[in-house]
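Structure first, commentary second.
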Amino acid sequence: MKQKVIVAAKMYDEPLSILKKWFDVVHIESVNDSTRPSFLEELSDAHGLINMGLIVDQHLLNRAPHLKIVSNISVGYDNLDIAELTLRGIMATNTPDVLNDTTADAVMALLLSTARRIPELDQYVKRGEWKQLLVRDEMFGVDIHGKTLGIIGMGRIGTAIAKRAHLGFDMEILYYNRNRNMNAEELYQCKYCSLEELLQRSDFICLMTPLTKETEYLIGKKQFEQMKRSAIFINASRGMTVNEKDLIMALENKWIAAAGLDVYEQEPIDPSHRLLTLPNVVTLPHIGGATLATRMKMMNLAVNNIVEGLMGNSPPHLINKDVVV
Ligand code: DGY
């Protein structure tokens with residue numbers, strides 16, 4: 001008898017058809033209030049679960065007694081209770097690497113949009129307010145070339161950002177990370193320093209760290225106060241790494257100049273959220289890795305992880321290596 005896999009996320013035809021060759025597949029595009037009861041029902045005899053951002057905790061796992069593997073279609077896995085999965089002998093996998101360049105492109109776009117005030121000026125032109133050939137100085141942005149970029153979290157995506165910033169924009173790169181990244185130091189002259197030094201010296205600060213117990217609210221009032229008043233702050237990691245109330249305070253009190261955000265404490269962000277009313281904030285709807293080509297690669301990787309895991313092999317991107325396969 002075939003094993004059963006639930007796909008609780010959008011999945012393109014090609015990766016879905018690969019899954020269907022090997023498993024009985026139940027596809028529920030989105031788990032919400034109306035689909036949750038049938039999702040939980042299906043989970044009761046499922047062996048594998050593919051998801052994107054679903055909270056997989058003790059409560060959910062209690063409903064899934066036969067589960068052997070949870071495959072995230074994302075590099076971040078803060079939605080998974082890894083300790084609980086490991087305790088239950090359930091494999092957890094993610095989709096690293098394939099989204100590095102796409103996410104780094106998006107971060108550079110956010111950085112440039114914020115520095116050069118692209119969305120604001122786009123609206124200015126489209127509203128028909130561009131009446132004089134020479135735009136007033138008040139509408140100018142700031143240069144990014146030749147400036148100092150501080151990257152907090154110098155993993156693979158951080159390194160891809162450093163590459164663009166150093167080779168493309170001649171920026172000096174400071175970084176703060178759990179470990180030194182010799183590759184980034186050698187290839188892009190990145191300089192390792194303390195968080196405090198990075199915050200004090202950088203013109204642009206880019207937060208790229210995964211969300212863990214250690215990085216929750218890593219950036220708050222104290223850290224914003226340490227930044228230059230001209231600093232532009234970018235967050236493309238997870239919303240919970242930043243205390244949003246403190247970010248609003250920093251922006252309103254002009255402790256920093258502007259922020260570019262791809263992630264929020266609550267997603268989707270409430271349309272009436274105060275952050276969305278501030279002129280010096282550029283927002284994106286968590287689209288770091290979201291291009292069709294990259295999403296397809298992530299889905300294929302997630303499928304490959306689950307196929308290998310359920311075939312009794314070690315999946316290529318196993319997170320909890322303590323689980324004996
Ligand atoms: C990731 O892969 O972690 C992206 O942020 C999408 O969740």
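Every chain in the structure tokens has a letter given in the order shown (A, B, ...), and although residue numbers restart at 1 in each chain, ligands are simply numbered from 1 in the order shown.
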
- request: Give as a PyMOL selection string the residues surrounding ligand 1 up to a distance of 9 Å, considering only C-alpha atoms and all ligand atoms.
  value: chain A and resi 52-53+72-78+94-96+99+103+210+236-238+263+286-290+298

Generate the output file for the selected residues, N, CA, C and O atoms, as a tab-separated table (two decimals), in the first residue's frame.
chain	number	residue	atom	x	y	z
A	52	MET	N	3.97	25.16	4.03
A	52	MET	CA	4.70	26.42	3.95
A	52	MET	C	4.19	27.32	5.06
A	52	MET	O	3.08	27.87	4.98
A	53	GLY	N	4.94	27.42	6.15
A	53	GLY	CA	4.59	28.34	7.23
A	53	GLY	C	3.55	27.83	8.21
A	53	GLY	O	3.17	28.55	9.14
A	72	ASN	N	9.23	21.37	4.93
A	72	ASN	CA	8.91	22.79	4.78
A	72	ASN	C	9.29	23.26	3.38
A	72	ASN	O	10.41	22.97	2.93
A	73	ILE	N	8.41	24.02	2.73
A	73	ILE	CA	8.82	24.67	1.47
A	73	ILE	C	9.33	26.06	1.87
A	73	ILE	O	8.71	27.09	1.61
A	74	SER	N	10.44	26.11	2.55
A	74	SER	CA	11.05	27.38	2.96
A	74	SER	C	12.40	27.06	3.57
A	74	SER	O	12.64	25.92	4.00
A	75	VAL	N	13.25	28.06	3.59
A	75	VAL	CA	14.54	27.83	4.26
A	75	VAL	C	14.36	28.01	5.77
A	75	VAL	O	14.90	27.25	6.56
A	76	GLY	N	13.56	29.01	6.17
A	76	GLY	CA	13.30	29.25	7.59
A	76	GLY	C	12.40	28.14	8.14
A	76	GLY	O	11.52	27.66	7.44
A	77	TYR	N	12.63	27.75	9.39
A	77	TYR	CA	11.78	26.70	9.96
A	77	TYR	C	11.34	27.03	11.38
A	77	TYR	O	11.16	26.15	12.22
A	78	ASP	N	11.15	28.32	11.63
A	78	ASP	CA	10.68	28.75	12.95
A	78	ASP	C	9.22	28.33	13.19
A	78	ASP	O	8.74	28.44	14.31
A	94	ASN	N	14.00	21.29	5.15
A	94	ASN	CA	13.75	22.63	4.59
A	94	ASN	C	14.36	22.74	3.19
A	94	ASN	O	14.86	21.74	2.65
A	95	THR	N	14.30	23.94	2.61
A	95	THR	CA	14.75	24.10	1.22
A	95	THR	C	15.78	25.24	1.10
A	95	THR	O	15.48	26.30	0.56
A	96	PRO	N	16.98	25.01	1.62
A	96	PRO	CA	17.99	26.07	1.56
A	96	PRO	C	18.61	26.23	0.17
A	96	PRO	O	18.34	25.44	-0.74
A	99	LEU	N	17.10	29.60	-2.93
A	99	LEU	CA	16.51	30.94	-2.91
A	99	LEU	C	17.50	32.04	-2.54
A	99	LEU	O	17.12	33.20	-2.41
A	103	THR	N	16.46	35.97	-3.00
A	103	THR	CA	16.22	36.75	-1.79
A	103	THR	C	17.19	37.94	-1.71
A	103	THR	O	16.80	39.05	-1.35
A	210	PRO	N	18.06	34.01	11.16
A	210	PRO	CA	16.85	33.19	11.36
A	210	PRO	C	16.21	33.53	12.70
A	210	PRO	O	16.89	34.06	13.59
A	236	ALA	N	14.55	41.54	6.41
A	236	ALA	CA	14.04	40.52	5.48
A	236	ALA	C	14.22	39.14	6.11
A	236	ALA	O	14.37	38.15	5.40
A	237	SER	N	14.23	39.11	7.46
A	237	SER	CA	14.42	37.82	8.13
A	237	SER	C	13.06	37.28	8.57
A	237	SER	O	12.35	36.65	7.79
A	238	ARG	N	12.68	37.56	9.80
A	238	ARG	CA	11.36	37.23	10.31
A	238	ARG	C	10.92	38.42	11.16
A	238	ARG	O	11.75	39.05	11.83
A	263	VAL	N	9.05	41.69	6.25
A	263	VAL	CA	8.44	40.79	7.23
A	263	VAL	C	7.92	41.59	8.43
A	263	VAL	O	8.41	42.69	8.71
A	286	HIS	N	6.35	39.97	2.35
A	286	HIS	CA	7.16	38.75	2.54
A	286	HIS	C	7.40	38.02	1.21
A	286	HIS	O	6.92	36.91	1.00
A	287	ILE	N	8.14	38.69	0.31
A	287	ILE	CA	8.35	38.11	-1.02
A	287	ILE	C	9.83	37.83	-1.31
A	287	ILE	O	10.21	37.70	-2.48
A	288	GLY	N	10.65	37.74	-0.25
A	288	GLY	CA	12.09	37.54	-0.46
A	288	GLY	C	12.42	36.50	-1.53
A	288	GLY	O	13.17	36.77	-2.46
A	289	GLY	N	11.87	35.31	-1.39
A	289	GLY	CA	12.22	34.23	-2.33
A	289	GLY	C	11.15	33.99	-3.38
A	289	GLY	O	11.14	32.94	-4.04
A	290	ALA	N	10.23	34.94	-3.51
A	290	ALA	CA	9.03	34.67	-4.32
A	290	ALA	C	9.17	35.07	-5.79
A	290	ALA	O	8.72	36.14	-6.20
A	298	MET	N	12.06	25.39	-4.98
A	298	MET	CA	11.79	25.08	-3.57
A	298	MET	C	10.82	23.91	-3.45
A	298	MET	O	10.99	23.02	-2.61

- request: Identify all residues of segment 121-168 of chain A in alpha helix (DSSP H) (DSSP on the backbone) and supply them as a PyMOL selection string.
  value: chain A and resi 121-126+156-163

List every residue of segment 281-319 of chain A that has an atom at most 12 Å from any atom of segment 115-120 of chain A, giving for each one its closest atom pair and the distance in Å to one decimal, counting only C-alpha atoms, sorted by chain and then by ascending residue number, as JSON lines.
{"residue": "A:Val281", "atom": "CA", "partner": "A:Arg117", "partner_atom": "CA", "distance": 9.2}
{"residue": "A:Val282", "atom": "CA", "partner": "A:Pro119", "partner_atom": "CA", "distance": 7.3}
{"residue": "A:Thr283", "atom": "CA", "partner": "A:Pro119", "partner_atom": "CA", "distance": 9.4}
{"residue": "A:Leu284", "atom": "CA", "partner": "A:Pro119", "partner_atom": "CA", "distance": 10.9}

Neighbouring residues of Ile234 of chain A were defined as those with any atom within 12 Å, considering only C-alpha atoms; residues of the same chain fewer than 6 positions away were excluded. Please report them as a short mmCIF file (atom, residue, chain, number, x, y, z; two decimals) with all heavy atoms, in the first residue's frame.
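Okay, this is what ended up in around27.cif:
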data_model
loop_
_atom_site.label_atom_id
_atom_site.label_comp_id
_atom_site.auth_asym_id
_atom_site.auth_seq_id
_atom_site.Cartn_x
_atom_site.Cartn_y
_atom_site.Cartn_z
N ALA A 106 15.96 40.65 -3.86
CA ALA A 106 14.83 41.37 -3.24
C ALA A 106 15.33 42.33 -2.16
O ALA A 106 14.81 43.45 -2.02
CB ALA A 106 13.83 40.37 -2.66
N VAL A 107 16.33 41.91 -1.41
CA VAL A 107 16.86 42.77 -0.35
C VAL A 107 17.51 44.01 -0.97
O VAL A 107 17.32 45.13 -0.49
CB VAL A 107 17.87 41.99 0.54
CG1 VAL A 107 18.63 42.93 1.45
CG2 VAL A 107 17.12 40.94 1.35
N MET A 108 18.25 43.83 -2.06
CA MET A 108 18.87 44.99 -2.72
C MET A 108 17.78 45.92 -3.26
O MET A 108 17.91 47.15 -3.20
CB MET A 108 19.81 44.56 -3.85
CG MET A 108 21.06 43.84 -3.39
SD MET A 108 21.99 44.64 -2.06
CE MET A 108 22.71 46.05 -2.89
N ALA A 109 16.70 45.33 -3.78
CA ALA A 109 15.59 46.14 -4.30
C ALA A 109 14.98 46.97 -3.16
O ALA A 109 14.69 48.16 -3.32
CB ALA A 109 14.53 45.25 -4.93
N LEU A 110 14.82 46.35 -2.01
CA LEU A 110 14.23 47.04 -0.85
C LEU A 110 15.17 48.14 -0.36
O LEU A 110 14.73 49.25 -0.03
CB LEU A 110 14.00 45.99 0.25
CG LEU A 110 13.08 46.32 1.42
CD1 LEU A 110 11.75 46.87 0.95
CD2 LEU A 110 12.85 45.08 2.28
N LEU A 111 16.45 47.83 -0.36
CA LEU A 111 17.44 48.81 0.09
C LEU A 111 17.45 50.03 -0.85
O LEU A 111 17.39 51.18 -0.40
CB LEU A 111 18.80 48.10 0.07
CG LEU A 111 19.86 48.57 1.03
CD1 LEU A 111 20.71 47.38 1.45
CD2 LEU A 111 20.75 49.58 0.39
N LEU A 112 17.46 49.75 -2.13
CA LEU A 112 17.47 50.85 -3.11
C LEU A 112 16.17 51.64 -3.08
O LEU A 112 16.16 52.87 -3.16
CB LEU A 112 17.71 50.29 -4.52
CG LEU A 112 19.17 49.94 -4.82
CD1 LEU A 112 19.27 48.99 -6.01
CD2 LEU A 112 19.96 51.22 -5.11
N SER A 113 15.05 50.91 -2.95
CA SER A 113 13.75 51.59 -2.93
C SER A 113 13.63 52.52 -1.74
O SER A 113 13.06 53.60 -1.84
CB SER A 113 12.59 50.59 -2.82
OG SER A 113 12.63 49.70 -3.86
N THR A 114 14.17 52.06 -0.61
CA THR A 114 14.07 52.88 0.60
C THR A 114 15.03 54.06 0.51
O THR A 114 14.65 55.20 0.80
CB THR A 114 14.38 52.01 1.85
OG1 THR A 114 13.66 50.79 1.75
CG2 THR A 114 13.97 52.72 3.12
N ALA A 115 16.26 53.80 0.06
CA ALA A 115 17.26 54.87 -0.02
C ALA A 115 16.86 55.94 -1.04
O ALA A 115 17.01 57.13 -0.79
CB ALA A 115 18.63 54.28 -0.38
N LEU A 149 27.54 48.99 4.80
CA LEU A 149 26.38 48.12 5.01
C LEU A 149 26.69 47.14 6.14
O LEU A 149 27.70 46.43 6.09
CB LEU A 149 26.07 47.33 3.72
CG LEU A 149 25.04 46.21 3.82
CD1 LEU A 149 23.65 46.75 4.14
CD2 LEU A 149 24.99 45.40 2.51
N GLY A 150 25.84 47.10 7.14
CA GLY A 150 26.00 46.13 8.23
C GLY A 150 25.02 45.00 8.03
O GLY A 150 23.81 45.24 7.94
N ILE A 151 25.52 43.78 7.95
CA ILE A 151 24.64 42.62 7.76
C ILE A 151 24.63 41.80 9.06
O ILE A 151 25.68 41.34 9.52
CB ILE A 151 25.11 41.74 6.58
CG1 ILE A 151 25.13 42.56 5.28
CG2 ILE A 151 24.22 40.51 6.43
CD1 ILE A 151 25.65 41.80 4.06
N ILE A 152 23.45 41.66 9.63
CA ILE A 152 23.31 40.86 10.86
C ILE A 152 22.79 39.49 10.43
O ILE A 152 21.66 39.38 9.95
CB ILE A 152 22.33 41.53 11.85
CG1 ILE A 152 22.80 42.95 12.18
CG2 ILE A 152 22.19 40.69 13.12
CD1 ILE A 152 21.77 43.78 12.95
N SER A 202 27.20 51.58 10.76
CA SER A 202 26.60 51.30 9.44
C SER A 202 25.66 52.40 8.97
O SER A 202 24.90 52.96 9.76
CB SER A 202 25.82 49.98 9.51
OG SER A 202 26.68 48.93 9.86
N ASP A 203 25.68 52.64 7.66
CA ASP A 203 24.70 53.54 7.05
C ASP A 203 23.42 52.78 6.74
O ASP A 203 22.32 53.34 6.78
CB ASP A 203 25.27 54.11 5.75
CG ASP A 203 26.54 54.89 6.00
OD1 ASP A 203 26.49 55.84 6.80
OD2 ASP A 203 27.60 54.52 5.44
N PHE A 204 23.59 51.50 6.40
CA PHE A 204 22.46 50.62 6.12
C PHE A 204 22.63 49.38 6.99
O PHE A 204 23.73 48.85 7.08
CB PHE A 204 22.44 50.21 4.65
CG PHE A 204 22.25 51.37 3.73
CD1 PHE A 204 23.35 52.08 3.25
CD2 PHE A 204 20.98 51.80 3.36
CE1 PHE A 204 23.18 53.17 2.43
CE2 PHE A 204 20.81 52.89 2.54
CZ PHE A 204 21.90 53.58 2.07
N ILE A 205 21.54 48.96 7.61
CA ILE A 205 21.61 47.77 8.46
C ILE A 205 20.59 46.77 7.95
O ILE A 205 19.41 47.09 7.80
CB ILE A 205 21.31 48.14 9.93
CG1 ILE A 205 22.47 49.02 10.43
CG2 ILE A 205 21.15 46.90 10.79
CD1 ILE A 205 22.14 49.82 11.65
N CYS A 206 21.09 45.58 7.66
CA CYS A 206 20.23 44.60 7.04
C CYS A 206 20.15 43.38 7.96
O CYS A 206 21.17 42.74 8.25
CB CYS A 206 20.90 44.25 5.72
SG CYS A 206 19.91 43.28 4.71
N LEU A 207 18.95 43.07 8.43
CA LEU A 207 18.76 41.97 9.38
C LEU A 207 18.37 40.71 8.61
O LEU A 207 17.33 40.67 7.96
CB LEU A 207 17.67 42.38 10.37
CG LEU A 207 17.40 41.45 11.54
CD1 LEU A 207 18.65 41.16 12.34
CD2 LEU A 207 16.34 42.05 12.46
N MET A 208 19.22 39.68 8.69
CA MET A 208 18.99 38.46 7.91
C MET A 208 19.06 37.20 8.76
O MET A 208 19.16 36.10 8.23
CB MET A 208 20.06 38.35 6.79
CG MET A 208 20.01 39.44 5.75
SD MET A 208 18.38 39.71 5.01
CE MET A 208 17.98 38.11 4.33
N THR A 209 19.00 37.35 10.05
CA THR A 209 19.18 36.20 10.93
C THR A 209 17.91 35.33 11.00
O THR A 209 16.80 35.86 10.92
CB THR A 209 19.56 36.70 12.34
OG1 THR A 209 19.72 35.59 13.18
CG2 THR A 209 18.50 37.60 12.93
N ILE A 219 16.46 43.21 17.83
CA ILE A 219 16.55 44.65 17.60
C ILE A 219 15.35 45.35 18.25
O ILE A 219 14.19 45.06 17.92
CB ILE A 219 16.58 44.95 16.08
CG1 ILE A 219 17.74 44.20 15.39
CG2 ILE A 219 16.67 46.46 15.83
CD1 ILE A 219 19.13 44.60 15.82
N THR A 241 12.01 39.16 14.92
CA THR A 241 13.38 39.51 15.31
C THR A 241 13.46 40.99 15.72
O THR A 241 14.45 41.43 16.28
CB THR A 241 14.37 39.26 14.16
OG1 THR A 241 13.89 39.93 13.00
CG2 THR A 241 14.55 37.79 13.87
N VAL A 242 12.40 41.75 15.39
CA VAL A 242 12.40 43.19 15.67
C VAL A 242 11.18 43.54 16.53
O VAL A 242 10.07 43.08 16.26
CB VAL A 242 12.30 43.99 14.35
CG1 VAL A 242 12.21 45.48 14.63
CG2 VAL A 242 13.52 43.70 13.49
N LEU A 247 10.45 49.99 16.77
CA LEU A 247 10.79 50.45 15.41
C LEU A 247 9.95 51.69 15.07
O LEU A 247 10.48 52.68 14.54
CB LEU A 247 10.52 49.33 14.39
CG LEU A 247 10.62 49.71 12.92
CD1 LEU A 247 12.03 50.22 12.57
CD2 LEU A 247 10.28 48.52 12.00
N ILE A 256 16.24 56.96 13.52
CA ILE A 256 16.80 56.45 12.26
C ILE A 256 16.03 57.12 11.12
O ILE A 256 14.94 57.70 11.35
CB ILE A 256 16.69 54.91 12.14
CG1 ILE A 256 15.23 54.43 12.15
CG2 ILE A 256 17.48 54.22 13.25
CD1 ILE A 256 15.07 52.94 11.81
N ALA A 257 16.59 57.03 9.90
CA ALA A 257 15.97 57.77 8.79
C ALA A 257 14.80 57.05 8.15
O ALA A 257 13.79 57.68 7.81
CB ALA A 257 17.03 58.07 7.73
N ALA A 258 14.93 55.74 7.98
CA ALA A 258 13.88 55.02 7.24
C ALA A 258 14.01 53.52 7.47
O ALA A 258 15.03 53.04 7.99
CB ALA A 258 14.01 55.34 5.75
N ALA A 259 12.99 52.79 7.05
CA ALA A 259 13.04 51.32 7.14
C ALA A 259 12.43 50.69 5.89
O ALA A 259 11.47 51.23 5.33
CB ALA A 259 12.29 50.85 8.39
N GLY A 260 13.01 49.58 5.48
CA GLY A 260 12.46 48.77 4.39
C GLY A 260 12.13 47.40 4.96
O GLY A 260 13.00 46.74 5.52
N LEU A 261 10.87 46.99 4.84
CA LEU A 261 10.44 45.77 5.53
C LEU A 261 9.81 44.76 4.58
O LEU A 261 8.95 45.11 3.77
CB LEU A 261 9.41 46.13 6.61
CG LEU A 261 9.84 47.21 7.62
CD1 LEU A 261 8.66 47.61 8.50
CD2 LEU A 261 11.00 46.70 8.47
N ASP A 262 10.23 43.50 4.73
CA ASP A 262 9.58 42.42 3.99
C ASP A 262 8.81 41.52 4.93
O ASP A 262 8.03 40.68 4.49
CB ASP A 262 10.66 41.61 3.24
CG ASP A 262 10.06 40.57 2.29
OD1 ASP A 262 9.00 40.87 1.69
OD2 ASP A 262 10.62 39.46 2.16
N VAL A 263 9.05 41.69 6.25
CA VAL A 263 8.44 40.79 7.23
C VAL A 263 7.92 41.59 8.43
O VAL A 263 8.41 42.69 8.71
CB VAL A 263 9.48 39.74 7.71
CG1 VAL A 263 9.84 38.77 6.59
CG2 VAL A 263 10.75 40.41 8.24
N TYR A 264 6.96 41.00 9.15
CA TYR A 264 6.24 41.72 10.21
C TYR A 264 5.95 40.76 11.36
O TYR A 264 5.88 39.54 11.15
CB TYR A 264 4.92 42.28 9.64
CG TYR A 264 5.19 43.02 8.36
CD1 TYR A 264 5.22 42.34 7.14
CD2 TYR A 264 5.53 44.37 8.38
CE1 TYR A 264 5.56 42.99 5.96
CE2 TYR A 264 5.86 45.03 7.21
CZ TYR A 264 5.87 44.34 6.01
OH TYR A 264 6.23 44.98 4.86
N ASN A 280 8.29 57.22 5.84
CA ASN A 280 9.67 56.73 5.67
C ASN A 280 9.80 55.21 5.84
O ASN A 280 10.83 54.70 6.27
CB ASN A 280 10.63 57.47 6.63
CG ASN A 280 10.13 57.50 8.07
OD1 ASN A 280 8.98 57.14 8.33
ND2 ASN A 280 10.98 57.90 8.99
N VAL A 281 8.73 54.50 5.48
CA VAL A 281 8.76 53.04 5.52
C VAL A 281 8.35 52.49 4.15
O VAL A 281 7.34 52.91 3.60
CB VAL A 281 7.77 52.50 6.59
CG1 VAL A 281 7.73 50.98 6.57
CG2 VAL A 281 8.18 52.99 7.97
N VAL A 282 9.17 51.58 3.62
CA VAL A 282 8.82 50.89 2.37
C VAL A 282 8.46 49.46 2.74
O VAL A 282 9.21 48.80 3.48
CB VAL A 282 9.99 50.94 1.37
CG1 VAL A 282 9.65 50.11 0.12
CG2 VAL A 282 10.29 52.38 0.97
N THR A 283 7.34 48.97 2.25
CA THR A 283 6.88 47.64 2.67
C THR A 283 6.74 46.67 1.50
O THR A 283 6.39 47.07 0.38
CB THR A 283 5.50 47.74 3.35
OG1 THR A 283 4.60 48.40 2.45
CG2 THR A 283 5.57 48.50 4.65
N LEU A 284 7.00 45.41 1.78
CA LEU A 284 6.76 44.33 0.84
C LEU A 284 6.01 43.22 1.58
O LEU A 284 6.15 43.10 2.80
CB LEU A 284 8.09 43.77 0.30
CG LEU A 284 8.90 44.66 -0.64
CD1 LEU A 284 10.23 44.01 -0.97
CD2 LEU A 284 8.11 44.93 -1.93
#

A:Ala83, A:Ile232, A:Ile248, A:Leu278 ranked by distance to Gly220 of chain A, top pick (using only C-alpha atoms): A:Ile248

- request: Record the distance separating atom CA of Glu138 of chain A and atom CA of Ala104 of chain A, expressed in Å with one decimal.
  value: 29.5 Å

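Taking atom CA of Gly309 of chain A as the reference point, atom CA of Thr93 of chain A is found at 9.2 Å.
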
message: as a PyMOL selection string, please: every residue in segment 99-273 of chain A that a backbone DSSP assignment puts in strand (DSSP E or B).
response: chain A and resi 148-152+172-176+191-192+204-207+219+232-235+242+258-261

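Of the residues listed (A:Ser44, A:Gly155, A:Leu292, A:Gly146), A:Gly146 shows the shortest atom-to-atom separation from Leu167 of chain A; distances use only C-alpha atoms.
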
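Each of A:Ala231, A:Tyr217, A:Leu310, A:Pro271 was compared to His66 of chain A using only C-alpha atoms, and A:Leu310 turns out to be the nearest.
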
field: Exercise: Leu87 of chain A partners within 12 Å, only C-alpha atoms, chain neighbours under 6 positions left out, as a PyMOL selection string
entry: chain A and resi 57-58+61+68+81+320-324

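The shell of residues at most 12 Å from Asn183 of chain A, with only C-alpha atoms counted and near chain neighbours (fewer than 5 positions) removed, consists of Met154, Gly155, Arg156, Gly158, Thr159, Ala160, Ala162, Lys163, Tyr188, Gln189, Cys190, Lys191 and Tyr192 of chain A.
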
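All residues of protein, DNA or RNA that reach within 9 Å of segment 34-42 of chain A, judged by only C-alpha atoms and not counting those fewer than 2 positions away in the chain, are Ile6, Ala8, Val26, Ile28, Ser30, Val31, Asn32, Ser44, Asp45, Ala46, Leu60, Arg63 and Ala64 of chain A.
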
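Closest approach to Leu67 of chain A among A:Ile50, A:Leu133, A:Met240, A:Leu218: A:Ile50, based on only C-alpha atoms.
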
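Proximity to Asn243 of chain A was assessed for A:Ser230, A:Gln223, A:Asn100, A:Thr212 counting only C-alpha atoms; the smallest distance is recorded for A:Gln223.
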